[in-house]
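The next block is work_38.csv, given as CSV, C-alpha atoms.
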chain,number,residue,atom,x,y,z
U,216,MET,CA,-22.4,9.7,2.5
U,217,THR,CA,-20.6,11.5,5.3
U,218,LEU,CA,-20.4,15.2,5.6
U,219,LEU,CA,-16.7,15.1,5.0
U,220,THR,CA,-17.1,13.1,1.8
U,221,GLU,CA,-19.8,15.5,0.6
U,222,LEU,CA,-17.6,18.5,1.2
U,223,HIS,CA,-14.6,16.8,-0.5
U,224,GLU,CA,-16.8,16.3,-3.6
U,225,ARG,CA,-17.9,19.9,-3.4
U,226,SER,CA,-14.3,21.0,-3.1
U,227,ALA,CA,-13.3,19.0,-6.1
U,228,ALA,CA,-16.0,20.7,-8.1
U,229,THR,CA,-14.9,24.2,-7.0
U,230,ASP,CA,-11.2,23.5,-7.7
U,231,ASP,CA,-12.0,24.1,-11.4
U,232,LEU,CA,-12.4,27.8,-11.3
U,233,SER,CA,-12.6,28.3,-15.0
U,234,GLY,CA,-16.3,29.3,-14.9
U,235,GLU,CA,-16.2,31.5,-11.8
U,236,PRO,CA,-17.5,35.1,-11.9
U,237,TRP,CA,-14.1,36.9,-11.2
U,238,ARG,CA,-13.2,35.9,-14.8
U,239,ASP,CA,-15.8,38.5,-15.9
U,240,VAL,CA,-14.1,41.3,-14.0
U,241,PRO,CA,-11.5,43.2,-16.1
U,242,ARG,CA,-8.1,42.4,-14.6
U,243,GLU,CA,-7.1,46.0,-14.4
U,244,GLU,CA,-9.9,46.6,-11.8
U,245,ALA,CA,-7.6,44.9,-9.2
U,246,GLN,CA,-5.4,48.0,-9.3
U,247,TRP,CA,-7.9,50.4,-7.6
U,248,ILE,CA,-8.9,47.8,-5.0
U,249,ARG,CA,-5.4,46.9,-3.8
U,250,PRO,CA,-4.6,50.2,-2.0
U,251,HIS,CA,-7.8,49.8,0.0
U,252,LEU,CA,-6.9,46.4,1.4
U,253,PRO,CA,-5.6,47.6,4.9
U,254,ALA,CA,-8.7,49.7,5.6
U,255,LEU,CA,-10.9,47.0,4.2
U,256,VAL,CA,-9.4,44.4,6.4
U,257,ASP,CA,-9.8,46.6,9.5
U,258,SER,CA,-13.4,47.2,8.6
U,259,MET,CA,-14.1,43.5,8.1
U,260,VAL,CA,-12.4,42.5,11.5
U,261,ASP,CA,-14.3,45.3,13.3
U,262,GLY,CA,-17.6,44.1,11.8
U,263,VAL,CA,-17.0,40.5,13.0
U,264,LEU,CA,-16.1,41.6,16.5
U,265,ARG,CA,-19.2,43.8,16.7
U,266,HIS,CA,-21.7,41.4,15.3
U,267,VAL,CA,-20.4,37.9,16.3
U,268,PRO,CA,-20.0,38.0,20.1
U,269,GLU,CA,-18.3,34.5,20.1
U,270,TYR,CA,-15.3,36.1,18.4
U,271,ALA,CA,-15.0,39.2,20.6
U,272,ARG,CA,-12.0,38.6,22.8
U,273,PRO,CA,-10.8,41.9,24.1
U,274,ASP,CA,-8.4,40.3,26.5
U,275,ASP,CA,-6.7,38.2,23.8
U,276,PRO,CA,-4.9,40.4,21.3
U,277,VAL,CA,-3.0,37.5,19.8
U,278,TYR,CA,-6.3,35.9,18.8
U,279,ILE,CA,-7.5,39.1,17.1
U,280,GLU,CA,-4.2,39.4,15.2
U,281,VAL,CA,-4.6,35.8,14.0
U,282,MET,CA,-8.0,36.7,12.8
U,283,ARG,CA,-6.8,39.8,11.1
U,284,GLY,CA,-4.0,37.8,9.4
U,285,ALA,CA,-6.5,35.3,8.0
U,286,VAL,CA,-8.8,38.1,6.7
U,287,ALA,CA,-5.8,39.9,5.2
U,288,GLN,CA,-4.6,36.7,3.4
U,289,GLY,CA,-8.1,36.0,2.1
U,290,MET,CA,-8.8,39.5,0.8
U,291,GLY,CA,-5.3,39.7,-0.7
U,292,HIS,CA,-5.9,36.5,-2.6
U,293,PHE,CA,-9.3,37.8,-3.6
U,294,VAL,CA,-7.8,40.8,-5.3
U,295,GLN,CA,-5.0,38.7,-6.9
U,296,MET,CA,-7.6,36.3,-8.4
U,297,ILE,CA,-9.2,39.3,-10.1
U,298,ALA,CA,-5.8,40.2,-11.6
U,299,ASP,CA,-5.0,36.6,-12.4
U,300,PRO,CA,-8.0,34.3,-12.6
U,301,ASP,CA,-5.8,31.2,-12.9
U,302,LEU,CA,-4.0,31.9,-9.6
U,303,PRO,CA,-4.0,28.7,-7.4
U,304,TRP,CA,-5.9,29.0,-4.2
U,305,GLN,CA,-4.7,25.9,-2.3
U,306,GLU,CA,-2.7,28.0,0.2
U,307,VAL,CA,-5.8,30.1,1.2
U,308,HIS,CA,-7.9,26.9,1.2
U,309,GLN,CA,-5.5,25.4,3.7
U,310,VAL,CA,-5.7,28.5,5.9
U,311,PHE,CA,-9.5,28.4,6.2
U,312,PHE,CA,-9.5,24.6,6.4
U,313,ASP,CA,-7.2,25.0,9.5
U,314,ILE,CA,-9.6,27.7,10.9
U,315,GLY,CA,-12.5,25.4,10.6
U,316,TYR,CA,-10.5,22.6,12.1
U,317,GLY,CA,-9.5,24.8,15.1
U,318,GLU,CA,-13.1,25.9,15.7
U,319,ALA,CA,-14.2,22.3,16.0
U,320,MET,CA,-11.3,21.5,18.3
U,321,GLU,CA,-12.3,24.4,20.6
U,322,GLY,CA,-15.8,23.1,20.7
U,323,ARG,CA,-17.5,26.0,18.9
U,324,SER,CA,-20.4,25.7,16.6
U,325,LEU,CA,-19.8,25.8,12.8
U,326,GLU,CA,-22.7,28.3,12.7
U,327,HIS,CA,-20.6,30.9,14.5
U,328,LEU,CA,-17.8,30.5,11.9
U,329,GLN,CA,-20.3,30.7,9.0
U,330,ASN,CA,-21.9,33.8,10.6
U,331,ALA,CA,-18.5,35.5,10.9
U,332,LEU,CA,-17.7,34.8,7.2
U,333,ARG,CA,-21.0,36.2,6.2
U,334,VAL,CA,-20.5,39.4,8.2
U,335,ALA,CA,-17.0,39.8,6.8
U,336,SER,CA,-18.2,39.2,3.2
U,337,ARG,CA,-21.1,41.7,3.6
U,338,THR,CA,-18.7,44.3,5.0
U,339,ALA,CA,-16.4,43.9,2.1
U,340,TRP,CA,-19.2,44.1,-0.4
U,341,ARG,CA,-20.5,47.3,1.1
U,342,TYR,CA,-17.0,48.9,1.2
U,343,LEU,CA,-16.2,48.0,-2.4
U,344,SER,CA,-19.6,49.1,-3.6
U,345,ARG,CA,-19.2,52.5,-2.0
U,346,GLU,CA,-15.7,52.9,-3.5
U,347,ALA,CA,-16.9,51.7,-7.0
U,348,GLU,CA,-19.7,54.3,-6.8
U,349,ARG,CA,-17.3,57.0,-5.6
U,350,LEU,CA,-15.0,56.3,-8.6
U,351,ALA,CA,-18.0,56.3,-10.9
U,352,LYS,CA,-17.4,52.7,-12.0
U,353,PRO,CA,-19.9,51.2,-14.4
U,354,ARG,CA,-23.0,49.6,-12.7
U,355,GLU,CA,-22.1,46.3,-14.5
U,356,LEU,CA,-18.8,46.3,-12.5
U,357,ALA,CA,-20.6,46.7,-9.2
U,358,ILE,CA,-22.8,43.7,-10.1
U,359,ALA,CA,-19.9,41.6,-11.1
U,360,LEU,CA,-18.0,42.4,-7.9
U,361,THR,CA,-21.0,41.4,-5.9
U,362,GLU,CA,-21.1,38.0,-7.6
U,363,VAL,CA,-17.3,37.6,-7.1
U,364,ASN,CA,-17.6,38.5,-3.5
U,365,PHE,CA,-20.2,35.9,-2.7
U,366,ALA,CA,-18.7,33.2,-4.9
U,367,TYR,CA,-15.4,33.7,-3.0
U,368,LEU,CA,-17.3,33.5,0.3
U,369,ASP,CA,-18.6,30.1,-0.8
U,370,LEU,CA,-15.1,28.9,-1.5
U,371,LEU,CA,-13.8,30.0,2.0
U,372,ALA,CA,-16.9,28.6,3.7
U,373,SER,CA,-16.5,25.3,2.0
U,374,ALA,CA,-12.8,25.1,3.0
U,375,ALA,CA,-13.6,25.9,6.6
U,376,ALA,CA,-16.5,23.4,6.7
U,377,GLN,CA,-14.2,20.7,5.4
U,378,GLY,CA,-11.7,21.4,8.2
U,379,TYR,CA,-14.5,21.5,10.8
U,380,ALA,CA,-15.9,18.2,9.5
U,381,ARG,CA,-12.4,16.6,9.5
U,382,ALA,CA,-11.9,17.6,13.2
U,383,ARG,CA,-15.3,16.3,14.2
U,384,GLU,CA,-14.7,13.0,12.5
U,385,LYS,CA,-11.3,12.6,14.0
U,386,ALA,CA,-12.7,13.4,17.5
U,387,ALA,CA,-15.5,11.0,17.0
U,388,GLY,CA,-13.1,8.3,15.9
U,389,GLU,CA,-10.9,8.9,19.0
U,390,ARG,CA,-14.0,8.8,21.2
U,391,GLU,CA,-15.1,5.5,19.7
U,392,GLN,CA,-11.6,4.1,20.2
U,393,ARG,CA,-11.6,5.2,23.9
U,394,ARG,CA,-15.1,3.7,24.4
U,395,SER,CA,-13.9,0.5,22.8
U,396,ARG,CA,-10.9,0.4,25.1
U,397,LEU,CA,-13.2,1.0,28.1
U,398,LEU,CA,-15.5,-1.8,27.0
U,399,SER,CA,-12.5,-4.2,26.8
U,400,LEU,CA,-11.3,-3.1,30.3
U,401,LEU,CA,-14.7,-3.6,31.8
U,402,LEU,CA,-15.1,-7.1,30.4
U,403,SER,CA,-11.5,-8.2,30.9
U,404,ASP,CA,-10.8,-11.4,32.9
U,405,PRO,CA,-9.3,-10.9,35.4
U,406,PRO,CA,-10.8,-7.5,36.0
U,407,ALA,CA,-8.7,-4.5,35.2
U,408,PRO,CA,-7.5,-2.3,38.1
U,409,LYS,CA,-10.2,0.2,39.1
U,410,GLU,CA,-8.1,3.3,38.7
U,411,ILE,CA,-7.3,2.4,35.1
U,412,VAL,CA,-11.0,1.8,34.4
U,413,VAL,CA,-11.9,5.1,36.0
U,414,GLU,CA,-9.3,7.0,34.0
U,415,GLN,CA,-10.4,5.4,30.7
U,416,ALA,CA,-14.0,6.2,31.5
U,417,ASN,CA,-13.1,9.8,32.0
U,418,LEU,CA,-11.2,9.9,28.7
U,419,ALA,CA,-14.2,8.3,26.9
U,420,GLY,CA,-16.6,10.7,28.4
U,421,TRP,CA,-18.7,7.9,29.8
U,422,ALA,CA,-20.0,8.1,33.4
U,423,LEU,CA,-18.9,5.0,35.2
U,424,PRO,CA,-22.0,3.6,37.0
U,425,GLU,CA,-22.1,1.7,40.3
U,426,ARG,CA,-24.0,-1.2,38.6
U,427,LEU,CA,-24.3,-2.4,35.1
U,428,ALA,CA,-25.5,-5.3,33.0
U,429,VAL,CA,-24.1,-6.8,29.8
U,430,ILE,CA,-26.4,-7.6,26.9
U,431,VAL,CA,-25.2,-10.2,24.3
U,432,LEU,CA,-26.9,-10.3,20.9
U,433,SER,CA,-27.2,-13.1,18.4
U,434,PRO,CA,-25.7,-11.9,15.0
U,435,ARG,CA,-28.4,-11.6,12.3
U,436,PRO,CA,-27.8,-12.9,8.8
U,437,GLY,CA,-26.2,-10.2,6.7
U,438,SER,CA,-25.2,-8.1,9.7
U,439,GLY,CA,-21.5,-8.8,9.1
U,440,GLY,CA,-21.2,-9.3,12.9
U,441,GLU,CA,-21.9,-5.7,13.6
U,442,GLY,CA,-24.4,-4.7,16.2
U,443,PRO,CA,-27.6,-2.7,15.8
U,444,ALA,CA,-27.5,0.9,14.6
U,445,GLY,CA,-28.9,4.0,16.3
U,446,LEU,CA,-27.9,2.9,19.8
U,447,PRO,CA,-28.3,5.6,22.5
U,448,PRO,CA,-24.9,7.1,23.7
U,449,PHE,CA,-25.3,5.8,27.3
U,450,LEU,CA,-24.6,2.3,26.0
U,451,LEU,CA,-21.1,1.0,25.3
U,452,SER,CA,-21.1,-1.4,22.3
U,453,GLY,CA,-18.6,-3.8,20.8
U,454,LEU,CA,-18.0,-7.5,20.0
U,455,ASP,CA,-17.2,-10.4,22.3
U,456,ARG,CA,-16.6,-13.9,20.9
U,457,GLY,CA,-18.0,-12.7,17.6
U,458,ARG,CA,-21.2,-11.5,19.1
U,459,PRO,CA,-22.4,-7.9,19.5
U,460,CYS,CA,-22.5,-6.9,23.1
U,461,LEU,CA,-23.7,-3.9,25.0
U,462,VAL,CA,-22.9,-2.5,28.4
U,463,MET,CA,-25.9,-0.9,30.0
U,464,PRO,CA,-25.4,1.4,33.1
U,465,ASP,CA,-27.9,1.4,35.9
U,466,PRO,CA,-30.0,-1.5,34.7
U,467,ASP,CA,-32.0,-1.5,37.9
U,468,ARG,CA,-33.7,1.8,36.9
U,469,PRO,CA,-37.4,1.5,36.0
U,470,GLY,CA,-37.7,-0.3,32.7
U,471,GLY,CA,-34.1,-1.5,32.8
U,472,PRO,CA,-32.9,-3.1,29.6
U,473,ASP,CA,-36.5,-3.5,28.4
U,474,ARG,CA,-36.3,0.2,27.4
U,475,LEU,CA,-34.2,-1.0,24.5
U,476,THR,CA,-37.0,-3.2,23.0
U,477,ALA,CA,-37.7,-0.8,20.1
U,478,THR,CA,-34.0,-0.2,19.4
U,479,LEU,CA,-33.3,-3.9,19.4
U,480,ARG,CA,-36.3,-4.9,17.4
U,481,GLY,CA,-35.5,-8.0,15.3
U,482,TRP,CA,-32.5,-9.0,17.4
U,483,THR,CA,-32.3,-11.9,19.8
U,484,GLY,CA,-30.5,-11.1,23.0
U,485,ALA,CA,-29.7,-12.2,26.5
U,486,VAL,CA,-29.2,-9.8,29.5
U,487,GLY,CA,-26.7,-10.8,32.1
U,488,PRO,CA,-27.5,-10.2,35.8
U,489,PRO,CA,-27.0,-6.6,37.1
U,490,VAL,CA,-23.6,-6.5,38.9
U,491,PRO,CA,-21.2,-3.9,40.3
U,492,ALA,CA,-19.1,-2.2,37.6
U,493,ASP,CA,-16.0,-4.2,38.6
U,494,GLN,CA,-17.8,-7.5,38.1
U,495,ALA,CA,-18.9,-6.9,34.5
U,496,GLY,CA,-17.3,-10.2,33.4
U,497,ILE,CA,-19.8,-12.1,35.5
U,498,SER,CA,-22.7,-10.5,33.8
U,499,LEU,CA,-21.0,-11.2,30.4
U,500,HIS,CA,-20.5,-14.8,31.2
U,501,TRP,CA,-24.2,-15.5,32.1
U,502,ALA,CA,-25.4,-13.4,29.1
U,503,HIS,CA,-23.4,-15.7,26.8
U,504,ARG,CA,-24.6,-18.8,28.7
U,505,THR,CA,-28.2,-17.7,28.4
U,506,LEU,CA,-27.9,-17.0,24.7
U,507,ASP,CA,-26.3,-20.4,24.1
U,508,SER,CA,-29.2,-22.0,25.9
U,509,MET,CA,-31.7,-20.1,23.8
U,510,ALA,CA,-29.9,-21.2,20.6
U,511,ALA,CA,-30.1,-24.8,21.8
U,512,GLY,CA,-33.8,-24.5,22.5
U,513,ARG,CA,-33.4,-25.0,26.3
U,514,LEU,CA,-35.0,-21.8,27.3
U,515,ALA,CA,-38.5,-20.5,26.4
U,516,ARG,CA,-38.5,-17.6,23.9
U,517,ASN,CA,-41.3,-15.1,23.7
U,518,GLY,CA,-41.0,-14.0,20.1
U,519,SER,CA,-38.4,-12.3,17.9
U,520,GLY,CA,-36.4,-9.5,19.4
U,521,THR,CA,-37.2,-10.4,23.0
U,522,LEU,CA,-34.5,-9.8,25.5
U,523,VAL,CA,-34.2,-12.8,27.9
U,524,HIS,CA,-32.9,-12.0,31.4
U,525,ALA,CA,-30.5,-14.5,32.8
U,526,ASP,CA,-31.6,-14.0,36.4
U,527,ARG,CA,-35.1,-15.1,35.5
U,528,TYR,CA,-33.8,-18.6,34.5
U,529,VAL,CA,-31.4,-19.3,37.4
U,530,PRO,CA,-32.4,-23.0,38.0
U,531,ASP,CA,-32.2,-23.8,34.3
U,532,LEU,CA,-28.8,-22.1,33.9
U,533,LEU,CA,-27.3,-23.6,37.0
U,534,LEU,CA,-28.4,-27.0,35.9
U,535,GLN,CA,-26.9,-26.6,32.4
U,536,GLU,CA,-23.6,-25.3,34.0
U,537,GLY,CA,-23.3,-28.6,35.8
U,538,TRP,CA,-25.4,-30.7,33.4
U,539,THR,CA,-23.3,-33.9,33.6
U,540,LEU,CA,-23.4,-33.9,37.4
U,541,ALA,CA,-27.2,-33.3,37.3
U,542,GLU,CA,-27.7,-36.2,34.9
U,543,ALA,CA,-25.7,-38.6,37.1
U,544,ALA,CA,-27.6,-37.4,40.2
U,545,ALA,CA,-30.9,-37.8,38.4
U,546,ARG,CA,-30.1,-41.4,37.3
U,547,ARG,CA,-29.3,-42.3,40.9
U,548,ARG,CA,-32.0,-40.4,42.7
U,549,LEU,CA,-34.8,-41.3,40.3
U,550,ALA,CA,-33.8,-44.8,39.4
U,551,PRO,CA,-37.2,-46.2,40.5
U,552,LEU,CA,-38.9,-44.2,37.8
U,553,THR,CA,-36.6,-45.6,35.2
U,554,GLU,CA,-37.3,-49.2,36.2
U,555,LEU,CA,-41.1,-48.5,35.6
U,556,GLY,CA,-40.5,-48.0,31.9
U,557,PRO,CA,-40.7,-44.9,29.8
U,558,HIS,CA,-44.4,-44.4,29.7
U,559,ARG,CA,-45.4,-45.1,33.3
U,560,GLY,CA,-42.2,-43.6,34.7
U,561,ALA,CA,-42.7,-40.3,32.8
U,562,ARG,CA,-46.3,-40.1,33.9
U,563,LEU,CA,-45.4,-40.5,37.5
U,564,ALA,CA,-42.4,-38.1,37.1
U,565,MET,CA,-44.8,-35.4,35.7
U,566,THR,CA,-47.2,-35.9,38.6
U,567,LEU,CA,-44.4,-35.6,41.2
U,568,LEU,CA,-43.1,-32.5,39.6
U,569,GLU,CA,-46.5,-30.8,39.6
U,570,CYS,CA,-47.1,-31.9,43.2
U,571,LEU,CA,-43.8,-30.3,44.2
U,572,LYS,CA,-44.7,-27.1,42.4
U,573,HIS,CA,-48.1,-26.9,44.1
U,574,GLY,CA,-47.1,-27.9,47.6
U,575,PHE,CA,-48.6,-31.4,47.2
U,576,ASN,CA,-52.1,-30.0,46.8
U,577,ALA,CA,-53.7,-32.7,44.8
U,578,THR,CA,-56.5,-30.4,43.4
U,579,ASP,CA,-54.1,-27.8,42.1
U,580,ALA,CA,-51.7,-30.4,40.7
U,581,ALA,CA,-54.6,-32.2,39.0
U,582,GLU,CA,-55.7,-29.0,37.3
U,583,ALA,CA,-52.2,-28.5,35.9
U,584,LEU,CA,-52.1,-32.1,34.7
U,585,CYS,CA,-55.7,-32.0,33.4
U,586,VAL,CA,-56.7,-35.1,35.4
U,587,HIS,CA,-59.0,-35.9,38.3
U,588,PRO,CA,-57.6,-35.1,41.8
U,589,GLN,CA,-58.2,-38.7,42.8
U,590,THR,CA,-55.9,-39.7,40.0
U,591,VAL,CA,-53.2,-37.5,41.5
U,592,ARG,CA,-53.7,-39.0,44.9
U,593,TYR,CA,-53.4,-42.6,43.5
U,594,ARG,CA,-50.2,-41.7,41.7
U,595,LEU,CA,-48.8,-40.1,44.8
U,596,ALA,CA,-49.4,-43.3,46.7
U,597,GLN,CA,-47.5,-45.2,44.1
U,598,LEU,CA,-44.6,-42.7,44.3
U,599,HIS,CA,-44.4,-43.1,48.1
U,600,GLU,CA,-44.2,-46.8,47.6
U,601,ILE,CA,-41.4,-46.9,45.0
U,602,PHE,CA,-39.0,-44.5,46.7
U,603,ASP,CA,-37.0,-45.4,49.8
U,604,TYR,CA,-37.1,-41.8,51.0
U,605,ASP,CA,-39.8,-39.3,51.9
U,606,ILE,CA,-40.6,-37.4,48.7
U,607,GLU,CA,-42.3,-34.7,50.8
U,608,ASP,CA,-39.3,-34.1,53.0
U,609,PRO,CA,-38.4,-30.4,52.7
U,610,ALA,CA,-34.7,-31.2,52.5
U,611,ILE,CA,-35.3,-33.5,49.4
U,612,ARG,CA,-38.0,-31.4,47.6
U,613,LEU,CA,-35.6,-28.8,46.2
U,614,GLU,CA,-33.3,-31.5,44.9
U,615,LEU,CA,-36.2,-33.3,43.2
U,616,MET,CA,-37.4,-30.0,41.7
U,617,LEU,CA,-34.1,-29.6,40.0
U,618,LEU,CA,-33.5,-33.2,39.0
U,619,LEU,CA,-37.0,-34.1,37.6
U,620,PRO,CA,-36.7,-31.8,34.5
U,621,VAL,CA,-33.3,-33.4,33.8
U,622,TRP,CA,-34.7,-36.9,34.0
U,623,LEU,CA,-37.8,-36.0,31.9
U,624,ARG,CA,-35.6,-34.4,29.2
U,625,ASP,CA,-33.4,-37.4,29.0
U,626,ASP,CA,-36.5,-39.6,28.8
U,627,ALA,CA,-37.9,-37.5,26.0
U,628,ASP,CA,-34.5,-37.7,24.1
U,629,GLY,CA,-34.5,-41.4,24.4
U,630,GLU,CA,-31.3,-41.4,26.4
U,631,ARG,CA,-32.6,-43.4,29.3
U,632,PRO,CA,-29.9,-46.0,30.2
This entry written out as structure tokens:
Amino acid sequence: MTLLTELHERSAATDDLSGEPWRDVPREEAQWIRPHLPALVDSMVDGVLRHVPEYARPDDPVYIEVMRGAVAQGMGHFVQMIADPDLPWQEVHQVFFDIGYGEAMEGRSLEHLQNALRVASRTAWRYLSREAERLAKPRELAIALTEVNFAYLDLLASAAAQGYARAREKAAGEREQRRSRLLSLLLSDPPAPKEIVVEQANLAGWALPERLAVIVLSPRPGSGGEGPAGLPPFLLSGLDRGRPCLVMPDPDRPGGPDRLTATLRGWTGAVGPPVPADQAGISLHWAHRTLDSMAAGRLARNGSGTLVHADRYVPDLLLQEGWTLAEAAARRRLAPLTELGPHRGARLAMTLLECLKHGFNATDAAEALCVHPQTVRYRLAQLHEIFDYDIEDPAIRLELMLLLPVWLRDDADGERP
């Protein structure tokens, strides 16, 4: 339940004033209070100005007159309700609702407003108590007036709090809209003009970084497509292609996106490469590609909730970006392995791949393959025989490193032509 909803329910409950304490005050008692209203209002305003520094504006007489007008309207209505307990209070409610709204728009704390209301109410209580005693009013009347005073304070405080909450919710909604607009501009393709992005970042209150990274998350069952809750405010969040996405500023700082491990617990996500702010679309593209590859089982995953970094899987992602070309090149370049049949060809392909990884050190490759070094040397001799090019040529080794995993995957899938 939001604060505004809670306050609306409270207001609905207080709109029924049939059980309020001013009904216990004889109506004729309003007559002796009414002549004191001008002095009472002055006393209340002076008390607020003395005891609540945030409201002391000696150089702003207009503000003080507005305050005096609100106090006068509230106290006038207070006396009228004693004379007529069924008197509607919507007009006064709106006045103090607007006061609360204005306090929020000016960026002041609700605590200052509540403190001012308490000071004013306490001043009124003391003033009326003294006058009741001077007029030798019954003690029961003084007690009843005390209850009326504080009950009325609750009504005004509730109205002001509703206005304050409404302004805060409106401001929060506008801020979220601006942040959402900023996210769209950052991720747009082609990139939005820099001056427009800078202007929107200022409106959204988000410091535009020099570098950023985009994180794309896989929607969880039951999430309704919405992203995780409780995200830190330095992140921009939204949806892209139906997936929750986050924009993280300064991802190169110590810890980087891994600082979000606890916040994103239970989510699967991919982090695009860090890029300048005007190239966010590039980071977004590779985050999506990485997440697609994870979903297809083409990238290793280290448990639930782990963020996979695209720039740690560059060869895999580049191959998948041009997979059809890689398959065609693998068929041509590694055709001799295909001719040996699936079992022998795969065995020699794995041996060649490990030798490439270990700089053709037979001992290290043998350890990775769990075979004897002499076995590796024997297989290397076979490999040198079946290929019509030098497999240890530096110009060819990188190509073989890329193509052998493609060939082995096709072999495992039974797609060898």
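Counting from CA of Gly560 (chain U), the distance to CA of Ile601 (chain U) is 10.8 Å.
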*Go through U:Glu362, U:Glu425, U:Asp274, U:Glu441 and flag the residue nearest Pro491 (chain U), using all atoms listed in the file for the distances.*
U:Glu425
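Across the structure, CA of Gly315 (chain U) and CA of Met282 (chain U) are spaced 12.4 Å apart.
Note that the spacing between CA of Thr483 (chain U) and CA of Trp538 (chain U) amounts to 24.2 Å.
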*Close residues, Ala502 (chain U) itself excluded, 7 Å, only C-alpha atoms, min 4 positions apart in chain, as an MDAnalysis selection string*: chainID U and resid 429:431 485:487 498 506 525
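Ranking U:Arg527, U:Arg548, U:Arg426, U:Arg559 by their shortest atom-to-atom distance to Ala495 (chain U), with all atoms listed in the file included, puts U:Arg426 first.
Neighbours of region 380-386 of chain U closer than or equal to 9 Å, with only C-alpha atoms counted and sequence neighbours fewer than 3 positions away skipped, come out as Leu218, Leu219, Leu222, Gly315, Tyr316, Gly317, Glu318, Ala319, Met320, Ala375, Ala376, Gln377, Glu389, Arg390 and Glu391 of chain U.
Proximity to Leu255 (chain U) at 12 Å, evaluated using only C-alpha atoms and with sequence-adjacent residues fewer than 3 positions away removed, yields U:Ile248, U:Arg249, U:Pro250, U:His251, U:Leu252, U:Ser258, U:Met259, U:Val260, U:Asp261, U:Gly262, U:Arg283, U:Val286, U:Ala287, U:Gly289, U:Met290, U:Gly291, U:Val294, U:Ala335, U:Ser336, U:Arg337, U:Thr338, U:Ala339, U:Trp340, U:Arg341, U:Tyr342, U:Leu343, U:Ser344, U:Arg345, U:Glu346.
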*Find the spatial neighbours of Asp608 (chain U), counting all atoms listed in the file, within a cut-off of 12 Å - ignore same-chain residues fewer than 4 positions away - and output them as a VMD selection string.*
chain U and resid 571 574 to 575 599 603 to 604 612 to 615
Proximity of region 243-291 of chain U to region 351-361 of chain U: per-residue shortest pair, 12 Å limit, all atoms listed in the file, as a Markdown table:
| residue | atom | partner | partner_atom | distance |
| --- | --- | --- | --- | --- |
| U:Glu243 | CA | U:Leu356 | CA | 11.9 |
| U:Glu244 | CA | U:Leu356 | CA | 8.9 |
| U:Ala245 | CA | U:Leu360 | CA | 10.8 |
| U:Trp247 | CA | U:Lys352 | CA | 10.7 |
| U:Ile248 | CA | U:Leu360 | CA | 11.0 |
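The residue set within 10 Å of Ala580 (chain U), counting all atoms listed in the file and dropping same-chain residues fewer than 6 places from it, reads Met565, Thr566, Leu567, Leu568, Glu569, Cys570, Leu571, Lys572, His573, Gly574, Val586, His587, Pro588, Val591 and Arg592 of chain U.
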